[in-house]
Amino acid sequence: MRRADRHNEMDQRVTDQPTLYIGGWLEPGNRDMLPVENPATNETIAQLPVASIADLDRALELAASGFGTWRAQPAMARSNILRKAAQLLRERRDIIAAAITREQGKPLRESETEVSNGADITEWFAEEGRRAYGRVIPARQPDTFQVAHVEPVGPVAAFSPWNFPVSQAVRKIAGSLAAGCSIIIKGPEDTPSAVCETVRCFVDAGVAVGALSLVFGRPPEISSHLIPSPVIRKVSFTGSVPVGKHLAAMAAQHMKPCTMELGGHGPAVIFDDVDPVKAASAFATFKYRNAGQVCISPTRFFVQGAAHEAFLDTFVSYAKGLKVGPGSDPTTQMGPLATSRRLDFLENLVQEAVAAGAKLHCGGARMGNRGNYFAPTVLSNVPDEARVMQEEPFGPIALVNRFSDEEEAWRRANATSYGLAAYAWTKDAGRAARAGAKLEAGMITINHFGLATAETPFGGVKDSGYGREGGSEGLEAYLITKFVTLRPYQ
């Protein structure tokens, strides 16, 4: 079967309209509805029910009861259920990937990779949840037993984004369930179907009723109702800095811990001791993945002296040669932006940069008048004070500037409020070690792109947030430590 034919078959198999899961899959009823668009055509392809206050109250009620049921299951039993969910994700990969591409726009092969990563994440937490150990602490007095015991923090309110609708949701769902927490997840309204199918995998695997609910709707209404509720004991959010700060402030008013992953503006420092053509080819491939709608995407490229020209030429050539089109086309290398509201924002960033003195080498504007297509864009000589150098573009825009010495590179790389991911390429071992120390980011990868695997911590510093998803740290985010000391009664 040809790839395009297989995609059409998978697309037809996802026939159910996206909906809410609160103790069961709910019919739309008389709820308000939101349109869901195909970003490749701007056609409305589904109607999404909006959760009412009554729906949210029911989800909270179930989260409270479901927490008691789910945490009481032995860690081994929870692990087996999560392993089954991972298996179902792999078995249903083609169906879920088709839903991602239809609603989010990325090429089908990228969607398939995302679902596979979601299965890996789920399997990782299935195993890690069996190893949530406390520790025995030697006591100062005889006949005294002391233990630092870990237990689930409680019901979680989680908010996941549209750019990776499966893998980002799974980090929260699998992490919380592995720890023994119940979770209400608010999925992305722009890309709901893949999240529904993902939740279906966990439900079909045997997650207890109430331990997992899925809601959609108007984000301010949902967050302002869930976060202050006394049922919710933990908040996890992935999204923009302004929204994250607002939710963190709301949670702080109620003394609720948060995990906040708030995006980035990744610097990449390329020294002149590496092959600039090889580096540019690798970075350009990584940059335009998911149309640049990746929080760890390298965007601000600082290239040393003599390497700058060859790096820039190669990068521009790659960008100009990209095949842009619908993600369902097997020849497409970059799909549309997920939402049309990003188009004007990106165009304005480019226009302001050019007005400030930057040179536009390619792209810089939307493509055609149907679908959310934005041309792969490369700017050079961009002033450090330009808005595009300070605000996360979250799109297919690359900024390539020259630097002279090492200290200048670190200073300019760190000259934003973000601190999620950073990159450096060099043959010099000492310089590579300094990159790890000097770059202000929660994740730094040197001479390769080794980020966002299931077993490694994921998160940032500064305005990029706090807390970690992934790795053992991702499980710890859903646990609390309780100290118990016991001496026999005398």
# chains A, B, ... in the order shown; residues from 1 in each chain; ligands from 1
call {"tool": "closest_atom_pairs", "arguments": {"of": "region 40-152 of chain A", "to": "region 317-334 of chain A", "cutoff": "9 Å", "atoms": "only C-alpha atoms", "output": "tab-separated table"}}
result
residue	atom	partner	partner_atom	distance
A:Ala40	CA	A:Pro326	CA	5.4
A:Thr41	CA	A:Pro326	CA	8.4
A:Ala98	CA	A:Ser328	CA	8.1
A:Thr101	CA	A:Gly327	CA	5.8
A:Arg102	CA	A:Ser328	CA	7.6
A:Gln104	CA	A:Gly327	CA	8.9
A:Gly105	CA	A:Gly327	CA	5.4
A:Lys106	CA	A:Gly327	CA	5.1
A:Pro107	CA	A:Gly327	CA	3.7
A:Leu108	CA	A:Gly327	CA	5.6
A:Arg109	CA	A:Pro330	CA	8.1
A:Glu110	CA	A:Gly327	CA	8.9
call {"tool": "residues_around", "arguments": {"residues": "region 429-440 of chain A", "least_positions_apart": "6", "cutoff": "12 Å", "atoms": "only C-alpha atoms", "output": "VMD selection string"}}
result
chain A and resid 264 to 273 405 to 423 446 to 448 460 to 464
call {"tool": "residues_around", "arguments": {"residues": "Val153 (chain A)", "least_positions_apart": "2", "cutoff": "10 Å", "atoms": "only C-alpha atoms", "output": "number ranges by chain"}}
result
A: 67, 150-151, 155-156, 176, 179-182, 232-234, 256-257, 476-481
call {"tool": "closest_residue", "arguments": {"among": "A:Val294, A:Val231, A:Ala208, A:Ile397", "to": "Phe345 (chain A)", "atoms": "only C-alpha atoms"}}
result
A:Ile397
call {"tool": "residues_around", "arguments": {"residues": "Glu27 (chain A)", "least_positions_apart": "3", "cutoff": "10 Å", "atoms": "only C-alpha atoms", "output": "ChimeraX atom specification"}}
result
/A:17-21,24,30-31,49
call {"tool": "closest_residue", "arguments": {"among": "A:Thr113, A:Trp70, A:Glu123, A:Ser52", "to": "Leu82 (chain A)", "atoms": "only C-alpha atoms"}}
result
A:Glu123
call {"tool": "residues_around", "arguments": {"residues": "Asp32 (chain A)", "least_positions_apart": "6", "cutoff": "10 Å", "atoms": "only C-alpha atoms", "output": "PyMOL selection string"}}
result
chain A and resi 47-52+217
call {"tool": "select_by_dssp", "arguments": {"residues": "region 207-298 of chain A", "states": "helix (DSSP H, G or I)", "output": "PyMOL selection string"}}
result
chain A and resi 219-226+241-253+276-287+289-292
call {"tool": "write_last_selection", "arguments": {"atoms": "C-alpha atoms", "output": "PDB file, in the first residue's frame"}}
result
ATOM      1  CA  PRO A 219      -9.091  27.993  28.857  1.00  0.00           C
ATOM      2  CA  PRO A 220      -9.588  30.953  31.261  1.00  0.00           C
ATOM      3  CA  GLU A 221     -12.872  29.498  32.511  1.00  0.00           C
ATOM      4  CA  ILE A 222     -11.412  26.037  33.006  1.00  0.00           C
ATOM      5  CA  SER A 223      -8.240  27.166  34.769  1.00  0.00           C
ATOM      6  CA  SER A 224     -10.048  29.628  37.039  1.00  0.00           C
ATOM      7  CA  HIS A 225     -12.434  26.863  38.107  1.00  0.00           C
ATOM      8  CA  LEU A 226     -10.030  23.946  38.499  1.00  0.00           C
ATOM      9  CA  VAL A 241       5.077  32.713  29.381  1.00  0.00           C
ATOM     10  CA  PRO A 242       2.221  35.180  30.053  1.00  0.00           C
ATOM     11  CA  VAL A 243      -0.361  32.438  30.570  1.00  0.00           C
ATOM     12  CA  GLY A 244       2.055  30.383  32.646  1.00  0.00           C
ATOM     13  CA  LYS A 245       2.793  33.293  34.946  1.00  0.00           C
ATOM     14  CA  HIS A 246      -0.931  33.913  35.381  1.00  0.00           C
ATOM     15  CA  LEU A 247      -1.646  30.284  36.268  1.00  0.00           C
ATOM     16  CA  ALA A 248       1.379  30.070  38.576  1.00  0.00           C
ATOM     17  CA  ALA A 249       0.174  33.174  40.432  1.00  0.00           C
ATOM     18  CA  MET A 250      -3.290  31.654  40.762  1.00  0.00           C
ATOM     19  CA  ALA A 251      -1.836  28.401  42.080  1.00  0.00           C
ATOM     20  CA  ALA A 252       0.402  30.293  44.506  1.00  0.00           C
ATOM     21  CA  GLN A 253      -2.640  31.942  46.070  1.00  0.00           C
ATOM     22  CA  PRO A 276      30.006  25.080   8.896  1.00  0.00           C
ATOM     23  CA  VAL A 277      28.249  23.301   6.022  1.00  0.00           C
ATOM     24  CA  LYS A 278      27.687  20.147   8.092  1.00  0.00           C
ATOM     25  CA  ALA A 279      26.513  22.217  11.059  1.00  0.00           C
ATOM     26  CA  ALA A 280      24.123  24.316   8.969  1.00  0.00           C
ATOM     27  CA  SER A 281      22.602  21.266   7.299  1.00  0.00           C
ATOM     28  CA  ALA A 282      21.989  19.600  10.656  1.00  0.00           C
ATOM     29  CA  PHE A 283      20.590  22.709  12.321  1.00  0.00           C
ATOM     30  CA  ALA A 284      18.341  23.633   9.390  1.00  0.00           C
ATOM     31  CA  THR A 285      16.782  20.168   9.412  1.00  0.00           C
ATOM     32  CA  PHE A 286      16.138  20.480  13.136  1.00  0.00           C
ATOM     33  CA  LYS A 287      14.958  24.096  12.927  1.00  0.00           C
ATOM     34  CA  ARG A 289      10.758  20.441  12.154  1.00  0.00           C
ATOM     35  CA  ASN A 290       7.067  20.984  12.958  1.00  0.00           C
ATOM     36  CA  ALA A 291       7.319  24.320  11.088  1.00  0.00           C
ATOM     37  CA  GLY A 292       9.484  25.646  13.924  1.00  0.00           C
TER      38      GLY A 292
END
call {"tool": "closest_residue", "arguments": {"among": "A:Arg200, A:Pro188, A:Ala194, A:Val207", "to": "Thr69 (chain A)", "atoms": "only C-alpha atoms"}}
result
A:Val207
call {"tool": "atom_distance", "arguments": {"atom1": "CA of Ile227 (chain A)", "atom2": "CA of Glu37 (chain A)"}}
result
28.8 Å
call {"tool": "atom_distance", "arguments": {"atom1": "CA of Ile137 (chain A)", "atom2": "CA of Arg71 (chain A)"}}
result
24.7 Å
call {"tool": "residues_around", "arguments": {"residues": "Gly357 (chain A)", "least_positions_apart": "3", "cutoff": "10 Å", "atoms": "only C-alpha atoms", "output": "list of chain:residue names"}}
result
A:Glu352, A:Ala353, A:Val354, A:Leu360, A:Ser380, A:Asn381, A:Val382, A:Pro383, A:Ala386
call {"tool": "write_last_selection", "arguments": {"atoms": "N, CA and C atoms", "output": "mmCIF file, in the first residue's frame"}}
result
data_model
loop_
_atom_site.group_PDB
_atom_site.id
_atom_site.type_symbol
_atom_site.label_atom_id
_atom_site.label_comp_id
_atom_site.auth_asym_id
_atom_site.auth_seq_id
_atom_site.Cartn_x
_atom_site.Cartn_y
_atom_site.Cartn_z
ATOM 1 N N GLU A 352 9.536 44.158 11.215
ATOM 2 C CA GLU A 352 10.201 45.007 12.205
ATOM 3 C C GLU A 352 11.709 44.774 12.189
ATOM 4 N N ALA A 353 12.131 43.526 12.050
ATOM 5 C CA ALA A 353 13.562 43.220 12.026
ATOM 6 C C ALA A 353 14.235 43.848 10.808
ATOM 7 N N VAL A 354 13.604 43.733 9.645
ATOM 8 C CA VAL A 354 14.169 44.332 8.430
ATOM 9 C C VAL A 354 14.241 45.848 8.567
ATOM 10 N N LEU A 360 16.897 40.131 4.999
ATOM 11 C CA LEU A 360 16.012 38.998 4.748
ATOM 12 C C LEU A 360 16.539 38.219 3.546
ATOM 13 N N SER A 380 19.614 37.591 8.631
ATOM 14 C CA SER A 380 20.968 37.730 9.171
ATOM 15 C C SER A 380 21.184 39.162 9.633
ATOM 16 N N ASN A 381 22.275 39.347 10.393
ATOM 17 C CA ASN A 381 22.617 40.674 10.917
ATOM 18 C C ASN A 381 21.448 41.303 11.658
ATOM 19 N N VAL A 382 20.802 40.514 12.477
ATOM 20 C CA VAL A 382 19.625 40.989 13.201
ATOM 21 C C VAL A 382 20.082 41.707 14.469
ATOM 22 N N PRO A 383 19.670 42.956 14.671
ATOM 23 C CA PRO A 383 20.076 43.667 15.889
ATOM 24 C C PRO A 383 19.591 42.932 17.139
ATOM 25 N N ALA A 386 16.159 43.862 18.413
ATOM 26 C CA ALA A 386 14.966 43.619 17.613
ATOM 27 C C ALA A 386 14.024 42.682 18.359
#
call {"tool": "select_by_dssp", "arguments": {"residues": "region 304-397 of chain A", "states": "strand (DSSP E)", "output": "list in words"}}
result
Gln304, Lys359, Leu360, His361, Cys362, Thr377, Val378, Leu379, Ser380 and Ile397 of chain A
call {"tool": "closest_residue", "arguments": {"among": "A:Gln87, A:Ser167, A:Thr456, A:Asn38", "to": "Gly335 (chain A)", "atoms": "only C-alpha atoms"}}
result
A:Asn38
call {"tool": "residues_around", "arguments": {"residues": "Lys482 (chain A)", "least_positions_apart": "5", "cutoff": "12 Å", "atoms": "only C-alpha atoms", "output": "PDB file with C-alpha atoms, in the first residue's frame"}}
result
ATOM      1  CA  TYR A 133      11.463   4.694  46.782  1.00  0.00           C
ATOM      2  CA  GLY A 134      11.754   6.537  50.046  1.00  0.00           C
ATOM      3  CA  ARG A 135      14.662   6.027  52.433  1.00  0.00           C
ATOM      4  CA  VAL A 136      15.395   4.914  55.973  1.00  0.00           C
ATOM      5  CA  GLN A 146      12.776   6.888  60.840  1.00  0.00           C
ATOM      6  CA  VAL A 147      11.653   6.874  57.232  1.00  0.00           C
ATOM      7  CA  ALA A 148      11.222   9.471  54.510  1.00  0.00           C
ATOM      8  CA  HIS A 149       8.230   8.103  52.643  1.00  0.00           C
ATOM      9  CA  VAL A 150       7.057   9.290  49.209  1.00  0.00           C
ATOM     10  CA  GLU A 151       3.408   9.360  48.243  1.00  0.00           C
ATOM     11  CA  PRO A 152       1.324  10.926  45.442  1.00  0.00           C
ATOM     12  CA  VAL A 153       0.672  14.633  45.787  1.00  0.00           C
TER      13      VAL A 153
END
call {"tool": "closest_residue", "arguments": {"among": "A:Cys201, A:Leu486, A:Ala358, A:Val303", "to": "Ile95 (chain A)", "atoms": "only C-alpha atoms"}}
result
A:Cys201
call {"tool": "atom_distance", "arguments": {"atom1": "CA of Val166 (chain A)", "atom2": "CA of Gly66 (chain A)"}}
result
22.9 Å
call {"tool": "closest_residue", "arguments": {"among": "A:Gly210, A:Gly474, A:Gly187, A:Gly465", "to": "Cys295 (chain A)", "atoms": "only C-alpha atoms"}}
result
A:Gly465
